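What's in coords00.cif: mmCIF, C-alpha atoms
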data_data
loop_
_atom_site.group_PDB
_atom_site.id
_atom_site.type_symbol
_atom_site.label_atom_id
_atom_site.label_comp_id
_atom_site.auth_asym_id
_atom_site.auth_seq_id
_atom_site.Cartn_x
_atom_site.Cartn_y
_atom_site.Cartn_z
ATOM 1 C CA MET A 1 -12.364 52.885 -14.969
ATOM 2 C CA HIS A 2 -14.231 55.666 -13.129
ATOM 3 C CA HIS A 3 -17.053 54.603 -10.890
ATOM 4 C CA PHE A 4 -19.760 56.706 -9.308
ATOM 5 C CA ARG A 5 -22.643 55.783 -7.062
ATOM 6 C CA ILE A 6 -26.153 57.000 -7.977
ATOM 7 C CA PRO A 7 -28.580 56.882 -5.028
ATOM 8 C CA LEU A 8 -32.124 56.653 -6.349
ATOM 9 C CA PHE A 9 -33.736 57.481 -3.037
ATOM 10 C CA PRO A 10 -32.583 59.551 -0.023
ATOM 11 C CA PRO A 11 -30.573 57.260 2.274
ATOM 12 C CA PRO A 12 -32.040 56.437 5.682
ATOM 13 C CA LEU A 13 -30.644 58.186 8.728
ATOM 14 C CA PRO A 14 -27.673 56.226 10.043
ATOM 15 C CA LEU A 15 -28.349 54.288 13.212
ATOM 16 C CA LEU A 16 -24.685 53.497 13.790
ATOM 17 C CA SER A 17 -21.469 55.410 13.517
ATOM 18 C CA PRO A 18 -19.332 54.702 10.416
ATOM 19 C CA LEU A 19 -17.036 52.486 12.471
ATOM 20 C CA GLN A 20 -19.902 50.598 14.116
ATOM 21 C CA SER A 21 -21.493 49.909 10.730
ATOM 22 C CA PHE A 22 -18.617 47.558 9.893
ATOM 23 C CA ARG A 23 -20.323 44.603 11.531
ATOM 24 C CA PRO A 24 -19.041 41.014 11.464
ATOM 25 C CA PRO A 25 -21.180 39.479 8.700
ATOM 26 C CA PRO A 26 -22.439 35.870 8.844
ATOM 27 C CA THR A 27 -21.323 32.724 7.052
ATOM 28 C CA LYS A 28 -18.170 33.436 5.149
ATOM 29 C CA ALA A 29 -19.071 37.060 4.360
ATOM 30 C CA TRP A 30 -15.932 38.346 6.091
ATOM 31 C CA LYS A 31 -13.238 37.159 3.720
ATOM 32 C CA TRP A 32 -9.621 38.245 3.825
ATOM 33 C CA GLY A 33 -10.527 41.419 5.694
ATOM 34 C CA PHE A 34 -13.005 42.801 3.137
ATOM 35 C CA LEU A 35 -16.697 43.372 3.774
ATOM 36 C CA ARG A 36 -19.021 42.028 1.080
ATOM 37 C CA GLU A 37 -22.674 42.824 0.618
ATOM 38 C CA SER A 38 -23.738 39.206 0.715
ATOM 39 C CA GLY A 39 -23.191 35.909 2.449
ATOM 40 C CA GLY A 40 -20.876 33.226 1.124
ATOM 41 C CA ARG A 41 -23.355 32.090 -1.560
ATOM 42 C CA GLY A 42 -24.130 35.426 -3.169
ATOM 43 C CA GLU A 43 -27.318 35.759 -1.110
ATOM 44 C CA ALA A 44 -28.369 38.616 1.115
ATOM 45 C CA ALA A 45 -26.698 38.161 4.491
ATOM 46 C CA ALA A 46 -29.119 37.190 7.234
ATOM 47 C CA SER A 47 -28.451 39.021 10.472
ATOM 48 C CA ASP A 48 -30.051 41.583 12.752
ATOM 49 C CA SER A 49 -28.512 44.358 10.644
ATOM 50 C CA SER A 50 -29.057 42.731 7.228
ATOM 51 C CA ASN A 51 -31.133 45.710 6.072
ATOM 52 C CA VAL A 52 -28.084 47.947 6.148
ATOM 53 C CA HIS A 53 -26.902 48.419 2.562
ATOM 54 C CA THR A 54 -23.136 48.090 2.398
ATOM 55 C CA PRO A 55 -22.128 50.182 -0.646
ATOM 56 C CA VAL A 56 -19.913 48.769 -3.351
ATOM 57 C CA ARG A 57 -16.646 50.621 -3.113
ATOM 58 C CA PRO A 58 -13.067 50.341 -4.410
ATOM 59 C CA GLY A 59 -11.086 47.814 -2.412
ATOM 60 C CA SER A 60 -14.145 45.765 -1.379
ATOM 61 C CA MET A 61 -12.844 42.741 -3.274
ATOM 62 C CA GLY A 62 -9.531 41.253 -4.286
ATOM 63 C CA VAL A 63 -7.833 41.475 -7.681
ATOM 64 C CA THR A 64 -9.828 39.466 -10.226
ATOM 65 C CA CYS A 65 -9.229 38.049 -13.681
ATOM 66 C CA VAL A 66 -12.208 37.163 -15.913
ATOM 67 C CA SER A 67 -11.497 35.166 -19.056
ATOM 68 C CA GLN A 68 -13.148 32.943 -21.635
ATOM 69 C CA MET A 69 -12.157 29.284 -21.610
ATOM 70 C CA PRO A 70 -12.154 27.647 -25.072
ATOM 71 C CA VAL A 71 -14.350 24.593 -25.443
ATOM 72 C CA ALA A 72 -12.229 21.425 -25.444
ATOM 73 C CA GLU A 73 -11.885 19.721 -28.817
ATOM 74 C CA GLY A 74 -14.577 17.115 -29.336
ATOM 75 C CA LYS A 75 -16.398 18.216 -26.170
ATOM 76 C CA SER A 76 -19.528 20.253 -25.518
ATOM 77 C CA VAL A 77 -19.676 23.377 -23.354
ATOM 78 C CA GLN A 78 -21.136 21.414 -20.446
ATOM 79 C CA GLN A 79 -18.523 18.660 -20.740
ATOM 80 C CA THR A 80 -15.708 21.226 -20.723
ATOM 81 C CA VAL A 81 -17.193 22.876 -17.612
ATOM 82 C CA GLU A 82 -17.286 19.486 -15.891
ATOM 83 C CA ILE A 83 -13.622 18.895 -16.776
ATOM 84 C CA LEU A 84 -12.640 22.250 -15.252
ATOM 85 C CA THR A 85 -14.646 21.750 -12.057
ATOM 86 C CA ARG A 86 -13.216 18.249 -11.663
ATOM 87 C CA LYS A 87 -9.686 19.684 -11.875
ATOM 88 C CA LEU A 88 -10.549 22.239 -9.190
ATOM 89 C CA GLU A 89 -11.946 19.567 -6.894
ATOM 90 C CA LEU A 90 -8.810 17.443 -7.388
ATOM 91 C CA LEU A 91 -6.732 20.466 -6.325
ATOM 92 C CA GLY A 92 -8.746 20.535 -3.098
ATOM 93 C CA ALA A 93 -11.121 23.419 -3.882
ATOM 94 C CA GLU A 94 -14.407 23.398 -1.961
ATOM 95 C CA LYS A 95 -17.792 24.326 -3.385
ATOM 96 C CA GLN A 96 -19.163 27.609 -2.036
ATOM 97 C CA GLY A 97 -22.597 27.828 -3.623
ATOM 98 C CA THR A 98 -23.481 29.335 -6.994
ATOM 99 C CA PHE A 99 -23.144 32.671 -8.772
ATOM 100 C CA CYS A 100 -24.751 34.616 -11.600
ATOM 101 C CA VAL A 101 -23.716 37.657 -13.645
ATOM 102 C CA ASP A 102 -26.193 39.003 -16.205
ATOM 103 C CA CYS A 103 -26.108 41.790 -18.760
ATOM 104 C CA GLU A 104 -28.872 43.606 -20.640
ATOM 105 C CA THR A 105 -28.059 45.889 -23.549
ATOM 106 C CA TYR A 106 -29.707 49.279 -24.107
ATOM 107 C CA HIS A 107 -29.250 51.455 -27.174
ATOM 108 C CA THR A 108 -30.104 55.097 -27.630
ATOM 109 C CA ALA A 109 -33.586 55.604 -29.022
ATOM 110 C CA ALA A 110 -33.844 56.732 -32.644
ATOM 111 C CA SER A 111 -35.736 59.861 -31.576
ATOM 112 C CA THR A 112 -32.716 61.079 -29.608
ATOM 113 C CA MET A 113 -30.264 60.882 -32.532
ATOM 114 C CA GLY A 114 -29.666 64.237 -34.182
ATOM 115 C CA SER A 115 -28.737 63.330 -37.746
ATOM 116 C CA GLN A 116 -29.329 60.192 -39.758
ATOM 117 C CA GLY A 117 -26.417 57.808 -39.874
ATOM 118 C CA GLN A 118 -25.226 58.914 -36.445
ATOM 119 C CA ALA A 119 -23.891 55.947 -34.486
ATOM 120 C CA GLY A 120 -25.999 54.978 -31.490
ATOM 121 C CA LYS A 121 -24.493 54.507 -28.077
ATOM 122 C CA LEU A 122 -24.747 51.299 -26.098
ATOM 123 C CA MET A 123 -25.212 50.982 -22.354
ATOM 124 C CA TYR A 124 -24.902 47.691 -20.505
ATOM 125 C CA VAL A 125 -26.922 47.204 -17.308
ATOM 126 C CA MET A 126 -25.432 44.385 -15.272
ATOM 127 C CA HIS A 127 -26.029 42.508 -12.031
ATOM 128 C CA ASN A 128 -23.701 40.343 -9.963
ATOM 129 C CA SER A 129 -24.967 37.911 -7.318
ATOM 130 C CA GLU A 130 -22.000 38.891 -5.138
ATOM 131 C CA TYR A 131 -23.621 42.339 -4.833
ATOM 132 C CA PRO A 132 -27.385 41.687 -4.753
ATOM 133 C CA LEU A 133 -28.223 45.227 -3.615
ATOM 134 C CA SER A 134 -26.406 46.950 -6.475
ATOM 135 C CA CYS A 135 -26.739 47.448 -10.210
ATOM 136 C CA PHE A 136 -23.902 48.347 -12.609
ATOM 137 C CA ALA A 137 -24.366 50.487 -15.734
ATOM 138 C CA LEU A 138 -21.399 50.536 -18.106
ATOM 139 C CA PHE A 139 -20.615 52.328 -21.351
ATOM 140 C CA GLU A 140 -18.000 51.048 -23.768
ATOM 141 C CA ASN A 141 -14.795 52.998 -23.115
ATOM 142 C CA GLY A 142 -16.718 55.055 -20.602
ATOM 143 C CA PRO A 143 -17.497 55.263 -16.894
ATOM 144 C CA CYS A 144 -19.117 52.625 -14.707
ATOM 145 C CA LEU A 145 -22.108 53.852 -12.752
ATOM 146 C CA ILE A 146 -22.977 51.928 -9.578
ATOM 147 C CA ALA A 147 -26.562 52.347 -8.412
ATOM 148 C CA ASP A 148 -29.108 50.673 -6.172
ATOM 149 C CA ALA A 149 -30.951 47.641 -7.501
ATOM 150 C CA ASN A 150 -33.945 49.848 -8.349
ATOM 151 C CA PHE A 151 -31.974 51.268 -11.258
ATOM 152 C CA ASP A 152 -33.806 48.752 -13.483
ATOM 153 C CA VAL A 153 -37.069 50.542 -12.674
ATOM 154 C CA LEU A 154 -35.490 53.851 -13.681
ATOM 155 C CA MET A 155 -34.469 52.397 -17.050
ATOM 156 C CA VAL A 156 -38.115 51.526 -17.768
ATOM 157 C CA LYS A 157 -39.007 55.183 -17.238
ATOM 158 C CA LEU A 158 -36.178 56.220 -19.569
ATOM 159 C CA LYS A 159 -37.412 54.108 -22.487
ATOM 160 C CA GLY A 160 -37.810 57.269 -24.545
ATOM 161 C CA PHE A 161 -34.027 57.666 -24.403
ATOM 162 C CA PHE A 162 -32.728 54.099 -24.039
ATOM 163 C CA GLN A 163 -34.415 51.045 -25.524
ATOM 164 C CA ASN A 164 -33.820 47.528 -24.256
ATOM 165 C CA ALA A 165 -32.442 45.095 -26.848
ATOM 166 C CA LYS A 166 -34.118 42.144 -25.129
ATOM 167 C CA ALA A 167 -32.873 39.578 -27.632
ATOM 168 C CA ASN A 168 -29.304 40.333 -26.540
ATOM 169 C CA LYS A 169 -29.603 39.519 -22.834
ATOM 170 C CA ILE A 170 -26.652 37.367 -21.852
ATOM 171 C CA GLU A 171 -25.649 35.791 -18.560
ATOM 172 C CA THR A 172 -23.250 33.347 -16.960
ATOM 173 C CA ARG A 173 -24.171 30.947 -14.173
ATOM 174 C CA GLY A 174 -22.137 28.343 -12.391
ATOM 175 C CA THR A 175 -20.459 27.173 -9.212
ATOM 176 C CA ARG A 176 -18.197 29.052 -6.817
ATOM 177 C CA TYR A 177 -15.114 27.311 -5.439
ATOM 178 C CA GLN A 178 -12.861 28.343 -2.585
ATOM 179 C CA TYR A 179 -9.212 27.277 -2.712
ATOM 180 C CA CYS A 180 -7.053 28.850 -0.009
ATOM 181 C CA ASP A 181 -7.064 32.590 -0.795
ATOM 182 C CA PHE A 182 -8.561 32.130 -4.272
ATOM 183 C CA LEU A 183 -12.235 32.334 -5.150
ATOM 184 C CA VAL A 184 -12.940 30.627 -8.482
ATOM 185 C CA LYS A 185 -16.164 30.816 -10.502
ATOM 186 C CA VAL A 186 -16.691 28.618 -13.531
ATOM 187 C CA GLY A 187 -19.834 29.508 -15.458
ATOM 188 C CA THR A 188 -21.770 28.632 -18.585
ATOM 189 C CA VAL A 189 -22.491 31.700 -20.729
ATOM 190 C CA THR A 190 -25.972 31.593 -22.268
ATOM 191 C CA MET A 191 -28.093 33.720 -24.567
ATOM 192 C CA GLY A 192 -31.688 32.573 -24.377
ATOM 193 C CA PRO A 193 -31.760 28.761 -24.212
ATOM 194 C CA SER A 194 -28.382 28.291 -25.924
ATOM 195 C CA ALA A 195 -24.981 27.820 -24.268
ATOM 196 C CA ARG A 196 -22.490 30.132 -26.003
ATOM 197 C CA GLY A 197 -19.264 29.768 -24.032
ATOM 198 C CA ILE A 198 -17.462 29.324 -20.720
ATOM 199 C CA SER A 199 -16.417 32.035 -18.278
ATOM 200 C CA VAL A 200 -13.724 31.636 -15.631
ATOM 201 C CA GLU A 201 -13.315 34.209 -12.873
ATOM 202 C CA VAL A 202 -10.488 33.976 -10.350
ATOM 203 C CA GLU A 203 -10.202 36.391 -7.430
ATOM 204 C CA TYR A 204 -7.150 36.641 -5.191
ATOM 205 C CA GLY A 205 -8.569 38.006 -1.971
ATOM 206 C CA PRO A 206 -5.606 39.242 0.090
ATOM 207 C CA CYS A 207 -4.513 41.845 -2.472
ATOM 208 C CA VAL A 208 -6.208 44.882 -4.044
ATOM 209 C CA VAL A 209 -3.334 46.088 -6.262
ATOM 210 C CA ALA A 210 -2.969 44.148 -9.531
ATOM 211 C CA SER A 211 0.772 44.696 -9.963
ATOM 212 C CA ASP A 212 1.436 43.078 -6.576
ATOM 213 C CA CYS A 213 -0.202 39.735 -7.378
ATOM 214 C CA TRP A 214 -0.782 39.387 -11.123
ATOM 215 C CA ASN A 215 1.976 36.812 -11.699
ATOM 216 C CA LEU A 216 0.676 34.730 -8.793
ATOM 217 C CA LEU A 217 -2.851 34.951 -10.190
ATOM 218 C CA LEU A 218 -1.708 33.745 -13.632
ATOM 219 C CA GLU A 219 0.306 30.908 -12.099
ATOM 220 C CA PHE A 220 -2.782 29.670 -10.271
ATOM 221 C CA LEU A 221 -4.905 29.980 -13.428
ATOM 222 C CA GLN A 222 -2.449 27.794 -15.338
ATOM 223 C CA SER A 223 -2.695 25.107 -12.656
ATOM 224 C CA PHE A 224 -6.172 24.159 -13.889
ATOM 225 C CA LEU A 225 -6.539 25.942 -17.250
ATOM 226 C CA GLY A 226 -3.444 24.323 -18.727
ATOM 227 C CA SER A 227 -2.001 26.022 -21.812
ATOM 228 C CA HIS A 228 -4.784 28.644 -21.941
ATOM 229 C CA ASN A 229 -3.149 31.832 -20.705
ATOM 230 C CA PRO A 230 -5.416 34.897 -20.456
ATOM 231 C CA GLY A 231 -3.728 38.228 -20.941
ATOM 232 C CA ALA A 232 -4.018 41.225 -18.660
ATOM 233 C CA PRO A 233 -7.523 42.764 -18.787
ATOM 234 C CA THR A 234 -7.713 45.909 -20.883
ATOM 235 C CA VAL A 235 -9.690 47.572 -18.083
ATOM 236 C CA LEU A 236 -6.509 47.751 -16.012
ATOM 237 C CA GLY A 237 -4.599 49.558 -18.768
ATOM 238 C CA ASN A 238 -1.980 51.629 -17.014
ATOM 239 C CA ARG A 239 -3.739 51.214 -13.665
ATOM 240 C CA HIS A 240 -1.852 48.163 -12.426
ATOM 241 C CA ASP A 241 -0.818 50.155 -9.350
ATOM 242 C CA GLY A 242 -4.336 51.410 -8.630
ATOM 243 C CA VAL A 243 -6.824 49.976 -6.127
ATOM 244 C CA TYR A 244 -8.938 47.263 -7.710
ATOM 245 C CA GLY A 245 -12.722 47.356 -7.250
ATOM 246 C CA PRO A 246 -15.961 45.578 -8.278
ATOM 247 C CA ALA A 247 -16.461 47.950 -11.224
ATOM 248 C CA ASP A 248 -13.255 46.572 -12.763
ATOM 249 C CA THR A 249 -14.650 43.038 -12.595
ATOM 250 C CA MET A 250 -17.916 44.095 -14.243
ATOM 251 C CA ALA A 251 -15.977 45.807 -17.044
ATOM 252 C CA GLN A 252 -14.173 42.507 -17.677
ATOM 253 C CA TYR A 253 -17.490 40.669 -17.871
ATOM 254 C CA MET A 254 -18.799 43.302 -20.301
ATOM 255 C CA GLU A 255 -15.778 42.689 -22.570
ATOM 256 C CA LEU A 256 -16.223 38.919 -22.275
ATOM 257 C CA PHE A 257 -19.925 39.063 -23.182
ATOM 258 C CA ASN A 258 -19.268 41.348 -26.162
ATOM 259 C CA LYS A 259 -16.519 39.021 -27.370
ATOM 260 C CA ILE A 260 -18.878 36.038 -27.212
ATOM 261 C CA ARG A 261 -21.619 37.992 -29.017
ATOM 262 C CA LYS A 262 -19.223 38.798 -31.835
ATOM 263 C CA GLN A 263 -18.125 35.178 -32.081
ATOM 264 C CA GLN A 264 -21.774 34.206 -32.501
ATOM 265 C CA GLN A 265 -22.323 37.122 -34.911
ATOM 266 C CA VAL A 266 -25.340 38.415 -33.018
ATOM 267 C CA PRO A 267 -25.868 42.140 -33.785
ATOM 268 C CA VAL A 268 -27.479 44.373 -31.190
ATOM 269 C CA ALA A 269 -31.086 45.003 -32.182
ATOM 270 C CA GLY A 270 -31.543 48.539 -33.458
ATOM 271 C CA ILE A 271 -27.818 49.096 -34.073
ATOM 272 C CA ARG A 272 -26.150 48.478 -37.432
#
How does the structure come out when it is put into structure tokens?
Amino acid sequence: MHHFRIPLFPPPLPLLSPLQSFRPPPTKAWKWGFLRESGGRGEAAASDSSNVHTPVRPGSMGVTCVSQMPVAEGKSVQQTVEILTRKLELLGAEKQGTFCVDCETYHTAASTMGSQGQAGKLMYVMHNSEYPLSCFALFENGPCLIADANFDVLMVKLKGFFQNAKANKIETRGTRYQYCDFLVKVGTVTMGPSARGISVEVEYGPCVVASDCWNLLLEFLQSFLGSHNPGAPTVLGNRHDGVYGPADTMAQYMELFNKIRKQQQVPVAGIR
């Protein structure tokens, strides 16, 4: 997964040297030696230097696995979420606020397609509450572009090229839990007013190379997911020895959301 950063505006002149800019952030923002954009609850960190935008970069988070948890037999989505969170609390995990990941789908405008019958391309514009100052734009089997939050404004100006399939907005919201070196997020995936599934994200903070900790990550997942055993994310491919970054997590969420859309048989508006 290639990731590039697109600055929409010229950056301000630096007031600090690169080393000085690595400030100790407030309230659980300094976790396992990695600097996050936000405080412990996915909110903008409040400090004297909170206006400094810490860019998303490879290695700024631990190795993460995002998977879909099947709904328990005879239970609703919400009841299954409650079962999972209860298991985490029995393990000793502590609540660390809430999280949200959302995804809007854009398709190429008909006027930009050369010949009739040509397949349109899809772009997914995503946000993650862990990185409130950034926006992620992903293409299926393509690069991940990381831009400032104002990228949404740019997409409005590009409506002649990309059109928003508003009916296909999908998001997951839920609670964050801290358990030793693991950060766990259990969320309810919704499209409009309807709950469509359950997402489980587990991050192992001390490590940024998947091959060094993947077995440990799966072992922890099984401790509260039971027999459900998620496979290795396709985004890693042959990159198990590469440095893991936030773009890899967003690619996993994109795959999860598309999987849930297909299960619900919801076509993307404008694409057949």
Which residues, written as an mmCIF file with C-alpha atoms, in the frame of the given file, have at least one atom at most 12 Å from range 187-198 of chain A, with only C-alpha atoms counted and residues fewer than 5 positions away on the same chain left out?
data_model
loop_
_atom_site.group_PDB
_atom_site.id
_atom_site.type_symbol
_atom_site.label_atom_id
_atom_site.label_comp_id
_atom_site.auth_asym_id
_atom_site.auth_seq_id
_atom_site.Cartn_x
_atom_site.Cartn_y
_atom_site.Cartn_z
ATOM 1 C CA VAL A 66 -12.208 37.163 -15.913
ATOM 2 C CA SER A 67 -11.497 35.166 -19.056
ATOM 3 C CA GLN A 68 -13.148 32.943 -21.635
ATOM 4 C CA MET A 69 -12.157 29.284 -21.610
ATOM 5 C CA PRO A 70 -12.154 27.647 -25.072
ATOM 6 C CA VAL A 71 -14.350 24.593 -25.443
ATOM 7 C CA ALA A 72 -12.229 21.425 -25.444
ATOM 8 C CA SER A 76 -19.528 20.253 -25.518
ATOM 9 C CA VAL A 77 -19.676 23.377 -23.354
ATOM 10 C CA GLN A 78 -21.136 21.414 -20.446
ATOM 11 C CA GLN A 79 -18.523 18.660 -20.740
ATOM 12 C CA THR A 80 -15.708 21.226 -20.723
ATOM 13 C CA VAL A 81 -17.193 22.876 -17.612
ATOM 14 C CA GLU A 82 -17.286 19.486 -15.891
ATOM 15 C CA ILE A 83 -13.622 18.895 -16.776
ATOM 16 C CA LEU A 84 -12.640 22.250 -15.252
ATOM 17 C CA THR A 85 -14.646 21.750 -12.057
ATOM 18 C CA THR A 98 -23.481 29.335 -6.994
ATOM 19 C CA PHE A 99 -23.144 32.671 -8.772
ATOM 20 C CA CYS A 100 -24.751 34.616 -11.600
ATOM 21 C CA VAL A 101 -23.716 37.657 -13.645
ATOM 22 C CA ASP A 102 -26.193 39.003 -16.205
ATOM 23 C CA CYS A 103 -26.108 41.790 -18.760
ATOM 24 C CA GLU A 104 -28.872 43.606 -20.640
ATOM 25 C CA LYS A 166 -34.118 42.144 -25.129
ATOM 26 C CA ALA A 167 -32.873 39.578 -27.632
ATOM 27 C CA ASN A 168 -29.304 40.333 -26.540
ATOM 28 C CA LYS A 169 -29.603 39.519 -22.834
ATOM 29 C CA ILE A 170 -26.652 37.367 -21.852
ATOM 30 C CA GLU A 171 -25.649 35.791 -18.560
ATOM 31 C CA THR A 172 -23.250 33.347 -16.960
ATOM 32 C CA ARG A 173 -24.171 30.947 -14.173
ATOM 33 C CA GLY A 174 -22.137 28.343 -12.391
ATOM 34 C CA THR A 175 -20.459 27.173 -9.212
ATOM 35 C CA ARG A 176 -18.197 29.052 -6.817
ATOM 36 C CA TYR A 177 -15.114 27.311 -5.439
ATOM 37 C CA LEU A 225 -6.539 25.942 -17.250
ATOM 38 C CA TYR A 253 -17.490 40.669 -17.871
ATOM 39 C CA LEU A 256 -16.223 38.919 -22.275
ATOM 40 C CA PHE A 257 -19.925 39.063 -23.182
ATOM 41 C CA ASN A 258 -19.268 41.348 -26.162
ATOM 42 C CA LYS A 259 -16.519 39.021 -27.370
ATOM 43 C CA ILE A 260 -18.878 36.038 -27.212
ATOM 44 C CA ARG A 261 -21.619 37.992 -29.017
ATOM 45 C CA LYS A 262 -19.223 38.798 -31.835
ATOM 46 C CA GLN A 263 -18.125 35.178 -32.081
ATOM 47 C CA GLN A 264 -21.774 34.206 -32.501
ATOM 48 C CA GLN A 265 -22.323 37.122 -34.911
ATOM 49 C CA VAL A 266 -25.340 38.415 -33.018
#
Box for range 121-139 of chain A - axis-aligned, 5 Å on each of the six sides, all listed atoms - centre and size in Å to one decimal, as AutoDock Vina command-line options.
--center_x -24.4 --center_y 46.2 --center_z -15.8 --size_x 17.6 --size_y 26.6 --size_z 34.5
**Message:** Just the number, please: distance in Å from CA of Gln163 in chain A to CA of Phe151 in chain A, one decimal.
**Reply:** 14.5 Å
**Fill in**
Pairwise distance, CA of Lys185 in chain A with CA of Leu216 in chain A, equals 17.4 Å
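In this structure, CA of Cys207 in chain A sits 16.2 Å away from CA of Ala232 in chain A.
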**Request:** On this file, the PyMOL selection byres ((chain A and resi 180) around 10) gives some set of residues; write that set as an MDAnalysis selection string.
**Result:** chainID A and resid 92:94 177:179 181:183 204:205
**Complete:** The residue from A:Leu133, A:Cys144, A:Val200, A:Leu158 with the smallest atom-to-atom distance to Thr64 in chain A, counting only C-alpha atoms, is A:Val200
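If you measure from each of A:Ala165, A:Ala149, A:Leu221, A:Val208 to Asp248 in chain A using all atoms listed in the file, the closest one turns out to be A:Val208.
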**Request:** Return the single residue from A:Val63, A:Leu88, A:Ala210, A:Leu145 that is closest to Val186 in chain A, with distances computed using all atoms listed in the file.
**Result:** A:Leu88
**Prompt:** For Ser134 in chain A, which residue out of A:Glu255, A:Arg86, A:Lys75, A:Met250 is the nearest one, using all atoms listed in the file?
**Reply:** A:Met250
**Item:** Residues matched by the PyMOL selection byres ((chain A and resi 136) around 10) as a VMD selection string
**Value:** chain A and resid 3 to 5 103 124 to 128 131 134 to 135 137 to 138 144 to 149 151 to 152 246 to 247 250 to 251
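Distance check against Phe220 in chain A using only C-alpha atoms: of A:Arg239, A:Pro233, A:Glu140, A:Glu201, the minimum falls on A:Glu201.
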**Message:** List as a ChimeraX atom specification the protein and nucleic acid residues near Met123 in chain A, meaning an atom at most 6 Å away when only C-alpha atoms are counted, but skip any in the same chain fewer than 6 places from it.
**Reply:** /A:105-106,138-139
